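Structure below is target10.cif: mmCIF, C-alpha atoms.
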data_coords
#
loop_
_atom_site.label_atom_id
_atom_site.label_comp_id
_atom_site.auth_asym_id
_atom_site.auth_seq_id
_atom_site.Cartn_x
_atom_site.Cartn_y
_atom_site.Cartn_z
CA MET L 371 0.00 0.00 0.00
CA LYS L 372 1.10 3.53 -0.82
CA TYR L 373 -0.63 6.74 0.21
CA GLU L 374 -0.38 10.49 -0.15
CA ILE L 375 -2.04 13.22 1.91
CA LYS L 376 -2.74 16.42 -0.01
CA GLY L 377 -5.24 19.25 -0.21
CA GLY L 378 -3.98 21.79 2.35
CA SER L 379 -6.53 22.77 5.00
CA LEU L 380 -9.21 20.58 3.36
CA PRO L 381 -7.12 17.42 3.09
CA VAL L 382 -7.62 14.10 1.38
CA ALA L 383 -5.83 10.77 1.93
CA VAL L 384 -5.29 9.10 -1.46
CA VAL L 385 -4.45 5.41 -1.12
CA ASP L 386 -3.03 3.11 -3.84
CA LEU L 387 -3.67 -0.59 -3.29
CA ASP L 388 -2.08 -3.68 -4.84
CA ALA L 389 -4.20 -6.73 -5.60
CA GLY L 390 -5.73 -8.15 -2.39
CA GLU L 391 -4.87 -5.16 -0.20
CA SER L 392 -7.69 -3.60 1.81
CA VAL L 393 -8.64 -0.51 3.77
CA PHE L 394 -11.79 0.10 5.81
CA THR L 395 -13.76 3.12 6.93
CA GLU L 396 -17.09 4.01 8.49
CA SER L 397 -20.19 3.86 6.30
CA GLY L 398 -20.15 6.75 3.83
CA GLY L 399 -16.48 7.52 4.48
CA MET L 400 -15.24 6.86 0.94
CA SER L 401 -14.99 9.87 -1.40
CA TRP L 402 -13.93 8.31 -4.73
CA MET L 403 -12.32 5.13 -6.01
CA SER L 404 -11.31 3.24 -9.13
CA GLU L 405 -13.60 0.61 -10.64
CA ASN L 406 -11.45 -2.36 -9.57
CA ILE L 407 -12.29 -1.90 -5.86
CA LYS L 408 -14.72 -4.32 -4.19
CA MET L 409 -16.88 -3.13 -1.26
CA GLU L 410 -18.07 -5.20 1.71
CA THR L 411 -20.11 -3.69 4.56
CA ASN L 412 -20.65 -5.34 7.95
CA THR L 413 -20.46 -4.65 11.69
CA LYS L 414 -16.73 -5.61 11.72
CA GLY L 415 -16.62 -7.41 15.05
CA GLY L 416 -20.29 -7.96 15.82
CA VAL L 417 -23.26 -5.99 17.09
CA LEU L 418 -21.70 -5.04 20.44
CA LYS L 419 -18.56 -3.73 18.73
CA GLY L 420 -20.73 -1.72 16.34
CA LEU L 421 -22.68 -0.18 19.22
CA LYS L 422 -19.52 0.79 21.06
CA ARG L 423 -18.12 2.43 17.92
CA SER L 424 -21.36 4.37 17.54
CA LEU L 425 -20.97 5.78 21.06
CA ALA L 426 -17.44 6.88 20.16
CA GLY L 427 -18.64 8.80 17.10
CA ASP L 428 -18.18 6.29 14.28
CA SER L 429 -20.85 4.37 12.41
CA PHE L 430 -22.43 1.08 13.46
CA PHE L 431 -21.34 -0.48 10.15
CA MET L 432 -17.89 -0.42 8.58
CA THR L 433 -17.08 -0.83 4.89
CA THR L 434 -13.97 -2.65 3.68
CA TYR L 435 -12.54 -1.82 0.24
CA THR L 436 -10.33 -4.44 -1.42
CA ALA L 437 -8.40 -4.09 -4.68
CA GLU L 438 -9.30 -6.94 -7.04
CA LYS L 439 -6.18 -6.25 -9.09
CA SER L 440 -3.14 -3.97 -8.87
CA GLY L 441 -3.67 -0.28 -9.42
CA GLY L 442 -6.56 0.16 -6.97
CA HIS L 443 -7.10 3.80 -6.11
CA ILE L 444 -9.30 5.13 -3.29
CA ALA L 445 -9.61 8.49 -1.52
CA PHE L 446 -10.92 9.61 1.87
CA THR L 447 -11.55 13.31 2.45
CA SER L 448 -11.70 15.17 5.74
CA SER L 449 -15.16 16.36 6.77
CA PHE L 450 -13.95 19.75 8.10
CA PRO L 451 -10.89 22.06 7.82
CA GLY L 452 -7.87 20.52 9.51
CA GLU L 453 -5.19 17.89 9.01
CA ILE L 454 -5.09 14.17 8.28
CA LYS L 455 -2.40 12.24 10.15
CA ALA L 456 -1.23 8.79 9.04
CA ILE L 457 -0.13 6.79 12.09
CA ASP L 458 1.55 3.38 11.94
CA LEU L 459 0.59 1.16 14.87
CA ASN L 460 2.69 -1.86 15.75
CA GLY L 461 4.36 -3.53 18.70
CA GLY L 462 1.24 -3.47 20.86
CA LYS L 463 0.90 0.33 20.91
CA SER L 464 -2.54 1.94 21.06
CA LEU L 465 -3.85 5.44 20.37
CA ILE L 466 -6.62 7.30 22.17
CA CYS L 467 -8.36 9.78 19.83
CA GLN L 468 -11.17 12.31 19.98
CA LYS L 469 -14.63 11.13 19.00
CA ASP L 470 -15.30 10.71 15.29
CA SER L 471 -11.64 11.21 14.32
CA PHE L 472 -10.98 7.82 12.69
CA LEU L 473 -11.09 8.32 8.92
CA ALA L 474 -9.80 5.03 7.48
CA GLY L 475 -7.31 2.27 8.20
CA THR L 476 -5.73 -0.93 6.96
CA GLU L 477 -6.84 -4.42 7.92
CA GLY L 478 -5.39 -5.47 11.28
CA LEU L 479 -6.55 -2.33 13.08
CA ASP L 480 -9.25 -2.37 15.73
CA VAL L 481 -11.51 0.65 16.38
CA ASP L 482 -13.17 0.65 19.79
CA MET L 483 -14.63 2.98 22.40
CA TYR L 484 -12.36 4.36 25.13
CA PHE L 485 -14.39 5.12 28.24
CA LYS L 486 -12.87 7.15 31.08
CA LYS L 487 -14.29 5.37 34.13
CA LYS L 488 -13.25 7.79 36.85
CA LEU L 489 -16.29 9.60 38.26
CA GLY L 490 -14.87 13.10 37.86
CA ALA L 491 -14.07 12.61 34.20
CA GLY L 492 -17.42 10.95 33.61
CA LEU L 493 -19.49 13.76 35.09
CA PHE L 494 -17.47 16.72 33.93
CA GLY L 495 -15.22 15.59 31.10
CA GLY L 496 -17.44 16.89 28.30
CA GLU L 497 -15.77 16.22 24.96
CA GLY L 498 -12.97 14.29 26.65
CA PHE L 499 -15.23 11.72 28.31
CA ILE L 500 -15.90 9.16 25.57
CA LEU L 501 -13.03 8.77 23.12
CA GLN L 502 -11.89 6.32 20.44
CA LYS L 503 -9.24 3.66 20.95
CA LEU L 504 -7.18 2.39 18.01
CA SER L 505 -5.14 -0.77 18.49
CA GLY L 506 -3.78 -3.69 16.53
CA SER L 507 -1.29 -3.46 13.69
CA GLY L 508 -1.57 -1.28 10.60
CA THR L 509 -1.86 2.29 9.34
CA ALA L 510 -4.62 4.58 10.61
CA PHE L 511 -5.69 7.84 8.98
CA ILE L 512 -6.92 10.31 11.62
CA GLU L 513 -8.64 13.64 10.90
CA LEU L 514 -7.98 16.46 13.36
CA ASP L 515 -9.38 19.98 13.65
CA GLY L 516 -7.37 23.01 12.52
CA SER L 517 -3.58 22.79 12.73
CA VAL L 518 -1.92 20.10 14.86
CA MET L 519 0.84 20.54 17.44
CA GLU L 520 2.82 17.48 18.58
CA TYR L 521 4.46 17.09 21.99
CA ASP L 522 6.57 14.30 23.49
CA LEU L 523 5.90 14.27 27.22
CA ALA L 524 8.63 12.99 29.52
CA PRO L 525 7.75 10.61 32.39
CA GLY L 526 5.76 12.61 34.95
CA GLN L 527 5.49 15.70 32.74
CA VAL L 528 1.97 17.17 32.87
CA MET L 529 0.16 19.33 30.33
CA LYS L 530 -3.21 20.94 31.16
CA VAL L 531 -5.50 21.28 28.16
CA ASP L 532 -9.01 22.47 27.36
CA GLN L 533 -10.33 19.01 26.51
CA GLY L 534 -11.68 20.07 23.12
CA HIS L 535 -8.10 20.69 21.98
CA ILE L 536 -7.05 17.08 22.61
CA GLY L 537 -6.71 15.38 19.23
CA MET L 538 -5.08 12.11 20.27
CA PHE L 539 -2.46 10.67 22.58
CA GLU L 540 -0.58 7.42 23.09
CA GLU L 541 -2.16 5.05 25.61
CA SER L 542 0.91 5.38 27.82
CA VAL L 543 -0.20 8.97 28.56
CA ALA L 544 -2.44 9.23 31.65
CA PHE L 545 -5.63 11.20 31.00
CA ASP L 546 -7.73 12.82 33.72
CA ILE L 547 -9.98 15.80 34.50
CA THR L 548 -9.01 18.35 37.18
CA THR L 549 -10.78 21.38 38.63
CA VAL L 550 -9.61 24.93 37.95
CA LYS L 551 -8.42 26.52 41.20
CA GLY L 552 -9.72 29.87 42.35
CA VAL L 553 -13.26 31.26 42.20
CA LYS L 554 -12.26 34.20 39.99
CA ASN L 555 -10.50 31.85 37.58
CA VAL L 556 -13.63 29.71 37.33
CA LEU L 557 -16.05 32.63 36.92
CA LEU L 558 -13.93 35.01 34.86
CA GLY L 559 -11.21 32.91 33.24
CA GLY L 560 -13.37 31.62 30.41
CA GLU L 561 -12.18 28.00 30.73
CA GLY L 562 -15.00 26.77 32.95
CA MET L 563 -14.52 24.64 36.06
CA PHE L 564 -12.51 21.78 34.58
CA LEU L 565 -9.41 21.12 32.49
CA ALA L 566 -8.00 17.90 31.10
CA THR L 567 -4.56 16.77 32.22
CA LEU L 568 -2.20 14.66 30.14
CA LYS L 569 0.69 13.08 32.03
CA GLY L 570 3.68 11.48 30.32
CA PRO L 571 5.42 9.47 29.17
CA GLY L 572 4.12 9.51 25.62
CA LYS L 573 3.22 11.57 22.60
CA VAL L 574 0.21 13.88 22.33
CA TRP L 575 -1.34 15.65 19.36
CA LEU L 576 -3.24 18.87 20.13
CA GLN L 577 -5.57 20.62 17.68
CA THR L 578 -5.85 24.40 17.34
CA MET L 579 -9.54 24.72 16.37
CA PRO L 580 -11.92 22.12 17.80
CA LEU L 581 -14.97 21.68 15.62
CA SER L 582 -17.24 22.41 18.60
CA ARG L 583 -15.57 25.80 19.09
CA LEU L 584 -15.84 26.62 15.38
CA VAL L 585 -19.54 25.77 15.44
CA GLY L 586 -19.98 27.97 18.51
CA LEU L 587 -18.23 30.92 16.88
CA VAL L 588 -20.32 30.57 13.75
CA ALA L 589 -23.51 30.39 15.82
CA MET L 590 -22.55 33.57 17.72
CA SER L 591 -22.02 35.44 14.45
CA MET L 592 -25.42 34.51 13.01
CA PRO L 593 -28.01 37.32 13.00
CA THR L 594 -30.85 36.93 15.46
CA LYS L 595 -34.49 37.73 14.93
CA ASP L 596 -35.87 40.76 16.74
#
Show this structure as structure tokens.
Amino acid sequence: MKYEIKGGSLPVAVVDLDAGESVFTESGGMSWMSENIKMETNTKGGVLKGLKRSLAGDSFFMTTYTAEKSGGHIAFTSSFPGEIKAIDLNGGKSLICQKDSFLAGTEGLDVDMYFKKKLGAGLFGGEGFILQKLSGSGTAFIELDGSVMEYDLAPGQVMKVDQGHIGMFEESVAFDITTVKGVKNVLLGGEGMFLATLKGPGKVWLQTMPLSRLVGLVAMSMPTKD
């Protein structure tokens, strides 16, 4: 398999497949493809797996695309302005991603729900509460909002983040929700009562313009009826 990511702030992952090679995506995730690609749609892991994916922002059904002969060509476009990252998973590593960020991947990958069980994160985590977990072996294409900043956290190093800006992080990174200290900070700081914390070791990818914030800004700019 070969791939190329192009398109600037409205990116597309263009994948070239040899005979027998496959990629899969959520239902409706394919943008265009050559005629020698065969489609097969199923729950990819059973009903329970499909339900868990649905909770994490992906579709109940997944579609696998397989090249019937060499020269297969298929493209997956981002659904909003941002970046597409191609991540190779191997050696037992897993990624935790924001909801609905999985775009496509090769066979051997597993897409599941990541549920933060701690009570504080569950009640107050907002966007950071239910995430996606990618594991297995293969290449995953992840779509993230706006521009992406990458950080390698040392063991014990902590970064506090508005949870909407968390794009993805390695599973070795500890994720939690903490309260903002100080009444004036809570009432006047504009960040609310809670922040996410990411504690190393491991790599994190932060996004500059969460889709939820973009939607909020657009809504604020819309004229209102008198």
So how far away is atom CA of L:Ile375 from atom CA of L:Ala437, in Å?
->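 Result for atom CA of L:Ala437 versus atom CA of L:Ile375: 19.6 Å, one decimal.
Using only C-alpha atoms, the shortest contact distance between L:Glu513 and any of L:Lys463, L:Lys455, L:Lys569, L:Lys469 is found at L:Lys455.
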Shortest interatomic distance to L:Thr433 - which of L:Thr476, L:Ser404, L:Thr567, L:Thr548, counting all atoms listed in the file = L:Thr476
Report as an NGL selection string the full result of the PyMOL selection byres ((chain L and resi 383-396) around 7) when it is applied to this structure.
-> :L and (371-376 or 381-382 or 397-399 or 428-429 or 431-447 or 473-477)
Export, as a PDB file, in the frame of the given file, the selected residues with C-alpha atoms.
ATOM      1  CA  MET L 371       0.000   0.000   0.000  1.00  0.00           C
ATOM      2  CA  LYS L 372       1.100   3.530  -0.820  1.00  0.00           C
ATOM      3  CA  TYR L 373      -0.630   6.740   0.210  1.00  0.00           C
ATOM      4  CA  GLU L 374      -0.380  10.490  -0.150  1.00  0.00           C
ATOM      5  CA  ILE L 375      -2.040  13.220   1.910  1.00  0.00           C
ATOM      6  CA  LYS L 376      -2.740  16.420  -0.010  1.00  0.00           C
ATOM      7  CA  PRO L 381      -7.120  17.420   3.090  1.00  0.00           C
ATOM      8  CA  VAL L 382      -7.620  14.100   1.380  1.00  0.00           C
ATOM      9  CA  SER L 397     -20.190   3.860   6.300  1.00  0.00           C
ATOM     10  CA  GLY L 398     -20.150   6.750   3.830  1.00  0.00           C
ATOM     11  CA  GLY L 399     -16.480   7.520   4.480  1.00  0.00           C
ATOM     12  CA  ASP L 428     -18.180   6.290  14.280  1.00  0.00           C
ATOM     13  CA  SER L 429     -20.850   4.370  12.410  1.00  0.00           C
ATOM     14  CA  PHE L 431     -21.340  -0.480  10.150  1.00  0.00           C
ATOM     15  CA  MET L 432     -17.890  -0.420   8.580  1.00  0.00           C
ATOM     16  CA  THR L 433     -17.080  -0.830   4.890  1.00  0.00           C
ATOM     17  CA  THR L 434     -13.970  -2.650   3.680  1.00  0.00           C
ATOM     18  CA  TYR L 435     -12.540  -1.820   0.240  1.00  0.00           C
ATOM     19  CA  THR L 436     -10.330  -4.440  -1.420  1.00  0.00           C
ATOM     20  CA  ALA L 437      -8.400  -4.090  -4.680  1.00  0.00           C
ATOM     21  CA  GLU L 438      -9.300  -6.940  -7.040  1.00  0.00           C
ATOM     22  CA  LYS L 439      -6.180  -6.250  -9.090  1.00  0.00           C
ATOM     23  CA  SER L 440      -3.140  -3.970  -8.870  1.00  0.00           C
ATOM     24  CA  GLY L 441      -3.670  -0.280  -9.420  1.00  0.00           C
ATOM     25  CA  GLY L 442      -6.560   0.160  -6.970  1.00  0.00           C
ATOM     26  CA  HIS L 443      -7.100   3.800  -6.110  1.00  0.00           C
ATOM     27  CA  ILE L 444      -9.300   5.130  -3.290  1.00  0.00           C
ATOM     28  CA  ALA L 445      -9.610   8.490  -1.520  1.00  0.00           C
ATOM     29  CA  PHE L 446     -10.920   9.610   1.870  1.00  0.00           C
ATOM     30  CA  THR L 447     -11.550  13.310   2.450  1.00  0.00           C
ATOM     31  CA  LEU L 473     -11.090   8.320   8.920  1.00  0.00           C
ATOM     32  CA  ALA L 474      -9.800   5.030   7.480  1.00  0.00           C
ATOM     33  CA  GLY L 475      -7.310   2.270   8.200  1.00  0.00           C
ATOM     34  CA  THR L 476      -5.730  -0.930   6.960  1.00  0.00           C
ATOM     35  CA  GLU L 477      -6.840  -4.420   7.920  1.00  0.00           C
TER      36      GLU L 477
END
Expand the PyMOL selection byres ((chain L and resi 482) around 6) into the individual residues it matches in the shown file, reporting them as a list of chain:residue names.
->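 So the PyMOL selection byres ((chain L and resi 482) around 6) ends up selecting L:Arg423, L:Val481, L:Met483, L:Gln502, L:Lys503.
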Let's have the selection written as a compact mmCIF listing (two decimals), in the frame of the given file, with C-alpha atoms.
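To be explicit, this is the file written out as again-v2.txt:
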# COMPACT_ATOMS: atom_id res chain seq x y z
CA ARG L 423 -18.12 2.43 17.92
CA VAL L 481 -11.51 0.65 16.38
CA MET L 483 -14.63 2.98 22.40
CA GLN L 502 -11.89 6.32 20.44
CA LYS L 503 -9.24 3.66 20.95
Measuring atom to atom with all atoms listed in the file, identify which of L:Gln527, L:Thr411, L:Gln533, L:Asn406 is nearest to L:Thr578.
->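 Ranked by minimum distance to L:Thr578, first place goes to L:Gln533.
We find atom CA of L:His535 and atom CA of L:Ser517 to be spaced 10.5 Å apart.
Using all atoms listed in the file for every distance, the candidate list L:Ser379, L:Ser449, L:Gln577, L:Ser401 yields L:Gln577 as the residue closest to L:Glu520.
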Among listed residues L:Ser505, L:Asp480, L:Ile500, L:Trp575, nearest L:Leu523 (using all atoms listed in the file) | L:Trp575
Point out the residue among L:Lys414, L:Phe472, L:Leu565, L:Met403 with the least atom-to-atom distance to L:Ala456, counting only C-alpha atoms.
->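 Of L:Lys414, L:Phe472, L:Leu565, L:Met403, the one nearest L:Ala456, counting only C-alpha atoms, is L:Phe472.
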Expressed in Å to a single decimal, how great is the separation between atom CA of L:Leu568 and atom CA of L:Ile466?
->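 Separation of atom CA of L:Leu568 and atom CA of L:Ile466: 11.7 Å.
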Name every residue that the PyMOL selection byres ((chain L and resi 521) around 12) selects in this structure, writing the answer as a VMD selection string with chains first and numbers rising.
-> chain L and resid 518 to 520 522 to 524 527 to 529 536 to 540 543 568 to 577
